[in-house]
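Structure, as structure tokens:
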Amino acid sequence: MVWVNAILQGVLVGGLYALFAAGLSLIFGVMRLVNIAHGDLIVLAGYVALTCVTLTSMNPLVAILVVAPLSALFGYALQRLVFNRTLGPDILPPLLVSFGLSVIIQNALLQVYTADSRKLNAGPIEIATIPVADGLSVGVLPLVMFVTAVVIIGGLQFMFYATPLGRALRATSDDQDVARLMGYNNKHLYGIAMAISLAVVAVAAVFLAVRTNFDPALGPQRLIFGFEAVIIGGLGNLWGTLAGGVILGVAQAVGAMINPGWQLLAGHLVFLAVLAFRPQGLFPRVDG
Amino acid sequence: MTAPAFTISRATPESRIALAFAVLGLLALAAGPYWLDRNGMRIVGDFMVYLGLASLWNLLAGYAGLVSVGQQAYVGFGGYVLFGAAIFLGVPPLLAVPIAGVGAAIISVPISYLVFRLKGAYFAIGTWVVAEVFMLLASQWSALGGGSGISLPIAIVREIGATRAMRENLIYWTTLGTTAAILIAVYLLLRSKWGLALQAIRDSETAAESSGVSVANAKRLLYVVACAGAAMIGAIYFMTKLRISPSAAFSVNDWTAFVIFMTVIGGIGRIEGPIVGAALFILLRETLSDLGAIYLIILGVIAVAVMLLAPKGIWGLLQEKFGWQLFPVGRKLVLDTSKKEGN
């Protein structure tokens, strides 16, 4: 039963990892940009939520409604003012600029909020559980997080394949120049994509901050988890990313059961194994 | 009637001056223990460490398009090899430096087969994951202090040199010698057949491949060289510090972010770039480091601004303005006009 429990918890954490990954995957899909600062943006949004909660003493889960739009606006501005200037055939400029942004955000957070670790308190929901079987129960909060992740990824999938905006994003992703000829404003679309990415980041940030302690240095590891989920699941497939997140979560949970020091290592090893034996990921996109 | 006389020249007038200055500078730095105080030697040592790493990263990213964010894997590996070899096998620390280099070269080959499956930016994060794995493995190695790290035992420290001054001088010369060797190797590599291939890859991978360059082999060779160099520098650095811990040894900020910043600010894809960038980085650090986090914010802002406004870096700007080529790796056609008059 301990093992079943570990695997179950791993699956639920996997939903959070998939949320880290969804924003990363979205902007890579649309504009081939790998945002090294993605993890730091998650932590930044976590601190913005912390400030909201401290100022108004609202429930952190409600704070998502404030932080997500702010984060989206910030994302649009960031894309229009900074990242759009770096896009081109050379991958180096966007990579280096986002690396620089990562160091700037980390140290700015350190300067403003110090290195103390913080946590958001979501109230009684944090300890509520649903008994599933004898000696096995599921936390309500992890379940809410997992379901939210599934809903968000389903929503992104719907947005991408069933709305005019999704059609526009897919068009710019397929061919920038032709999309421009068809009257799309790529720069604006990239801004929208980054805004959506950062809105998802805000949700992930609040969940992360409610689930565990966080501090300014936590970003890079979130980026790596998100990245691993994307690669394990297969590039360009959002449901694959969800599966990748779940696999990563389970690998870490099982690793931690064997030896607490192996939690992160197990996740990385699964990632490297996928890279070695199935580099296209487990569920690569099937182009129609 | 003869064809116009010409010669193929690599040197430029300023490159001859630069070479003379480089030799003089190296000699002056080699005599450092006789005219520098301890703080001065520390600054020169750190400059050499970063100059070596930046030159190697420049070779990877600037020439082969291999934007690695995981070179800290090898810096830390080198440090741990030195500590492990010295503590468990009784290898003299200075001898452990080349051993670390060879060891890194050997393990970088299978790793290259793994990470080379990822392209571009994904390669970058893939190398980072490898570095994380290295760090986690080092944290599990309890004989070397696990997560909290270990100091070099005093008996081994005495082995490097009997007195403190002697030790510091020996380590200083090793640092200087290693970085000088790396710079000379980079320069010679870029002037060789492989260098031509690498510059072709830098300009257009497809065109290089179709001209008969084996892109995959050239990249792998470069990766192995860069990893071996990073490991030797790491071994020397942690020998200087006499202490190693996983978080310091595999720090992405210290060994990759700063190295990338100085290469970009100095000018990526040019030999001179890392020299300018590393000098500027040390200068900024010595003047601003009291500011703590703000200093790192300033560094990040400068790097982003340079990337957006002057992607060729400071050296790129100077080169465009004055046409300088201090360490030329290309070839120039020089027509000899004086002889034509006689015919």
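As shown in the structure tokens, the chain order sets the letters A, B, ...; within each chain, residues go from 1, and ligands are also counted from 1 in the order they appear.
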Shell of 12 Å around Ala22 (chain B), only C-alpha atoms, local chain residues under 4 positions omitted, as a ChimeraX atom specification: /B:14-18,26-30,180,183-184,272,275,326-327
Under the rule of at most 8 Å, produce a per-residue listing of chain A near chain B: chain, number, name, the closest pair of atoms, and the distance in Å, as a tab-separated table, using only C-alpha atoms.
residue	atom	partner	partner_atom	distance
A:Leu33	CA	B:Ala121	CA	7.9
A:Val34	CA	B:Ala121	CA	6.0
A:Arg85	CA	B:Leu308	CA	6.9
A:Thr86	CA	B:Leu308	CA	6.8
A:Ile91	CA	B:Gly120	CA	6.5
A:Leu92	CA	B:Val67	CA	7.3
A:Pro93	CA	B:Met307	CA	6.3
A:Leu95	CA	B:Ala121	CA	6.8
A:Leu96	CA	B:Val304	CA	7.3
A:Val97	CA	B:Val304	CA	5.1
A:Phe99	CA	B:Ala257	CA	7.3
A:Gly100	CA	B:Gly300	CA	4.8
A:Leu101	CA	B:Gly300	CA	6.8
A:Val103	CA	B:Gly300	CA	6.1
A:Ile104	CA	B:Ile297	CA	4.7
A:Ile105	CA	B:Ile297	CA	8.0
A:Asn107	CA	B:Ala293	CA	5.1
A:Ala108	CA	B:Ile297	CA	6.8
A:Leu110	CA	B:Ala293	CA	6.9
A:Gln111	CA	B:Ala293	CA	6.2
A:Ile224	CA	B:Val129	CA	7.0
A:Phe227	CA	B:Ile125	CA	7.6
A:Gly261	CA	B:Gln140	CA	7.1
A:Leu264	CA	B:Leu136	CA	7.8
A:Leu265	CA	B:Val133	CA	6.2
A:His268	CA	B:Val133	CA	6.7
A:Leu269	CA	B:Val133	CA	7.9
A:Leu272	CA	B:Leu114	CA	7.7
A:Leu275	CA	B:Leu114	CA	6.9
A:Ala276	CA	B:Leu114	CA	6.0
A:Pro279	CA	B:Arg117	CA	6.9
Selection above as a file: N, CA and C atoms, as an mmCIF file, in the first residue's frame:
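Here's the written file selection-v7.cif:
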data_model
loop_
_atom_site.group_PDB
_atom_site.id
_atom_site.type_symbol
_atom_site.label_atom_id
_atom_site.label_comp_id
_atom_site.auth_asym_id
_atom_site.auth_seq_id
_atom_site.Cartn_x
_atom_site.Cartn_y
_atom_site.Cartn_z
ATOM 1 N N LEU A 33 11.080 29.328 -29.253
ATOM 2 C CA LEU A 33 11.827 30.029 -28.208
ATOM 3 C C LEU A 33 11.862 29.143 -26.980
ATOM 4 N N VAL A 34 13.067 28.837 -26.492
ATOM 5 C CA VAL A 34 13.163 28.126 -25.221
ATOM 6 C C VAL A 34 13.487 29.160 -24.159
ATOM 7 N N ARG A 85 12.653 41.027 -30.276
ATOM 8 C CA ARG A 85 13.875 41.536 -30.895
ATOM 9 C C ARG A 85 14.915 40.453 -31.075
ATOM 10 N N THR A 86 14.742 39.310 -30.396
ATOM 11 C CA THR A 86 15.788 38.288 -30.439
ATOM 12 C C THR A 86 15.461 37.158 -31.402
ATOM 13 N N ILE A 91 19.697 30.678 -32.762
ATOM 14 C CA ILE A 91 19.044 30.358 -31.498
ATOM 15 C C ILE A 91 19.718 31.030 -30.312
ATOM 16 N N LEU A 92 20.917 31.545 -30.539
ATOM 17 C CA LEU A 92 21.690 32.075 -29.425
ATOM 18 C C LEU A 92 21.041 33.298 -28.760
ATOM 19 N N PRO A 93 20.608 34.321 -29.525
ATOM 20 C CA PRO A 93 20.071 35.523 -28.851
ATOM 21 C C PRO A 93 18.908 35.246 -27.886
ATOM 22 N N LEU A 95 18.134 32.574 -26.326
ATOM 23 C CA LEU A 95 18.641 31.762 -25.219
ATOM 24 C C LEU A 95 19.410 32.628 -24.221
ATOM 25 N N LEU A 96 20.281 33.476 -24.761
ATOM 26 C CA LEU A 96 21.115 34.286 -23.874
ATOM 27 C C LEU A 96 20.301 35.356 -23.172
ATOM 28 N N VAL A 97 19.363 35.954 -23.908
ATOM 29 C CA VAL A 97 18.545 36.998 -23.290
ATOM 30 C C VAL A 97 17.694 36.396 -22.174
ATOM 31 N N PHE A 99 18.430 33.764 -20.479
ATOM 32 C CA PHE A 99 19.369 33.414 -19.410
ATOM 33 C C PHE A 99 19.665 34.650 -18.550
ATOM 34 N N GLY A 100 19.899 35.773 -19.246
ATOM 35 C CA GLY A 100 20.147 37.019 -18.527
ATOM 36 C C GLY A 100 18.955 37.393 -17.671
ATOM 37 N N LEU A 101 17.762 37.245 -18.250
ATOM 38 C CA LEU A 101 16.527 37.561 -17.532
ATOM 39 C C LEU A 101 16.414 36.687 -16.284
ATOM 40 N N VAL A 103 18.840 35.396 -14.454
ATOM 41 C CA VAL A 103 19.732 35.886 -13.397
ATOM 42 C C VAL A 103 19.184 37.184 -12.800
ATOM 43 N N ILE A 104 18.627 38.049 -13.654
ATOM 44 C CA ILE A 104 18.070 39.317 -13.163
ATOM 45 C C ILE A 104 16.906 39.049 -12.203
ATOM 46 N N ILE A 105 15.969 38.164 -12.606
ATOM 47 C CA ILE A 105 14.799 37.897 -11.758
ATOM 48 C C ILE A 105 15.225 37.280 -10.433
ATOM 49 N N ASN A 107 17.996 37.493 -8.773
ATOM 50 C CA ASN A 107 18.670 38.403 -7.856
ATOM 51 C C ASN A 107 17.768 39.547 -7.410
ATOM 52 N N ALA A 108 16.842 39.955 -8.291
ATOM 53 C CA ALA A 108 15.891 40.983 -7.882
ATOM 54 C C ALA A 108 15.008 40.435 -6.758
ATOM 55 N N LEU A 110 15.817 38.095 -4.692
ATOM 56 C CA LEU A 110 16.688 37.973 -3.526
ATOM 57 C C LEU A 110 16.799 39.318 -2.818
ATOM 58 N N GLN A 111 16.920 40.373 -3.613
ATOM 59 C CA GLN A 111 17.078 41.717 -3.066
ATOM 60 C C GLN A 111 15.798 42.169 -2.345
ATOM 61 N N ILE A 224 13.776 22.879 -15.294
ATOM 62 C CA ILE A 224 14.272 21.560 -15.691
ATOM 63 C C ILE A 224 13.140 20.519 -15.621
ATOM 64 N N PHE A 227 10.904 21.114 -18.579
ATOM 65 C CA PHE A 227 11.590 20.699 -19.792
ATOM 66 C C PHE A 227 11.595 19.173 -19.928
ATOM 67 N N GLY A 261 17.534 10.387 -1.031
ATOM 68 C CA GLY A 261 18.477 11.154 -1.837
ATOM 69 C C GLY A 261 18.298 10.928 -3.330
ATOM 70 N N LEU A 264 15.309 13.278 -6.945
ATOM 71 C CA LEU A 264 15.554 14.057 -8.158
ATOM 72 C C LEU A 264 16.316 13.231 -9.174
ATOM 73 N N LEU A 265 17.270 12.449 -8.659
ATOM 74 C CA LEU A 265 18.113 11.647 -9.539
ATOM 75 C C LEU A 265 17.257 10.701 -10.396
ATOM 76 N N HIS A 268 15.679 12.526 -13.273
ATOM 77 C CA HIS A 268 16.639 12.842 -14.337
ATOM 78 C C HIS A 268 17.011 11.589 -15.118
ATOM 79 N N LEU A 269 17.152 10.458 -14.404
ATOM 80 C CA LEU A 269 17.588 9.236 -15.095
ATOM 81 C C LEU A 269 16.505 8.749 -16.059
ATOM 82 N N LEU A 272 16.889 10.890 -19.065
ATOM 83 C CA LEU A 272 18.036 10.522 -19.897
ATOM 84 C C LEU A 272 17.793 9.200 -20.612
ATOM 85 N N LEU A 275 15.718 9.880 -23.540
ATOM 86 C CA LEU A 275 16.566 10.520 -24.544
ATOM 87 C C LEU A 275 17.409 9.482 -25.276
ATOM 88 N N ALA A 276 17.897 8.493 -24.525
ATOM 89 C CA ALA A 276 18.780 7.502 -25.117
ATOM 90 C C ALA A 276 18.014 6.528 -26.008
ATOM 91 N N PRO A 279 14.365 9.206 -28.432
ATOM 92 C CA PRO A 279 14.625 10.648 -28.387
ATOM 93 C C PRO A 279 13.442 11.495 -28.871
#
Expected answer as a ChimeraX atom specification: strand (DSSP E or B) residues in region 45-216 of chain A: /A:118,129-133,136-139,214
Secondary structure check, helix (DSSP H, G or I) residues of region 243-289 of chain B, as JSON, numbers by chain: {"B": [246, 247, 248, 249, 252, 253, 254, 255, 256, 257, 258, 259, 260, 261, 262, 263, 264, 265, 266, 272, 273, 274, 275, 276, 277, 278, 279, 280, 281, 282, 283, 284, 285, 286, 287, 288, 289]}
So which residues touch Ser173 (chain A) within 9 Å, counting only C-alpha atoms, skipping near sequence neighbours fewer than 6 positions away, as a PDB file with N, CA and C atoms, in the first residue's frame?
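Full text of selection.pdb as output:
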ATOM      1  N   GLY A  29       6.508  25.782 -29.283  1.00  0.00           N
ATOM      2  CA  GLY A  29       5.746  25.376 -30.456  1.00  0.00           C
ATOM      3  C   GLY A  29       5.468  26.551 -31.379  1.00  0.00           C
ATOM      4  N   VAL A  30       5.122  27.696 -30.806  1.00  0.00           N
ATOM      5  CA  VAL A  30       4.719  28.824 -31.648  1.00  0.00           C
ATOM      6  C   VAL A  30       5.917  29.545 -32.240  1.00  0.00           C
ATOM      7  N   MET A  31       6.957  29.802 -31.422  1.00  0.00           N
ATOM      8  CA  MET A  31       8.040  30.647 -31.951  1.00  0.00           C
ATOM      9  C   MET A  31       9.431  30.069 -31.756  1.00  0.00           C
ATOM     10  N   ARG A  32       9.531  28.752 -31.479  1.00  0.00           N
ATOM     11  CA  ARG A  32      10.840  28.099 -31.317  1.00  0.00           C
ATOM     12  C   ARG A  32      11.705  28.829 -30.290  1.00  0.00           C
ATOM     13  N   ALA A 179       2.346  33.375 -42.958  1.00  0.00           N
ATOM     14  CA  ALA A 179       1.335  33.863 -42.019  1.00  0.00           C
ATOM     15  C   ALA A 179       1.210  35.384 -42.121  1.00  0.00           C
TER      16      ALA A 179
END
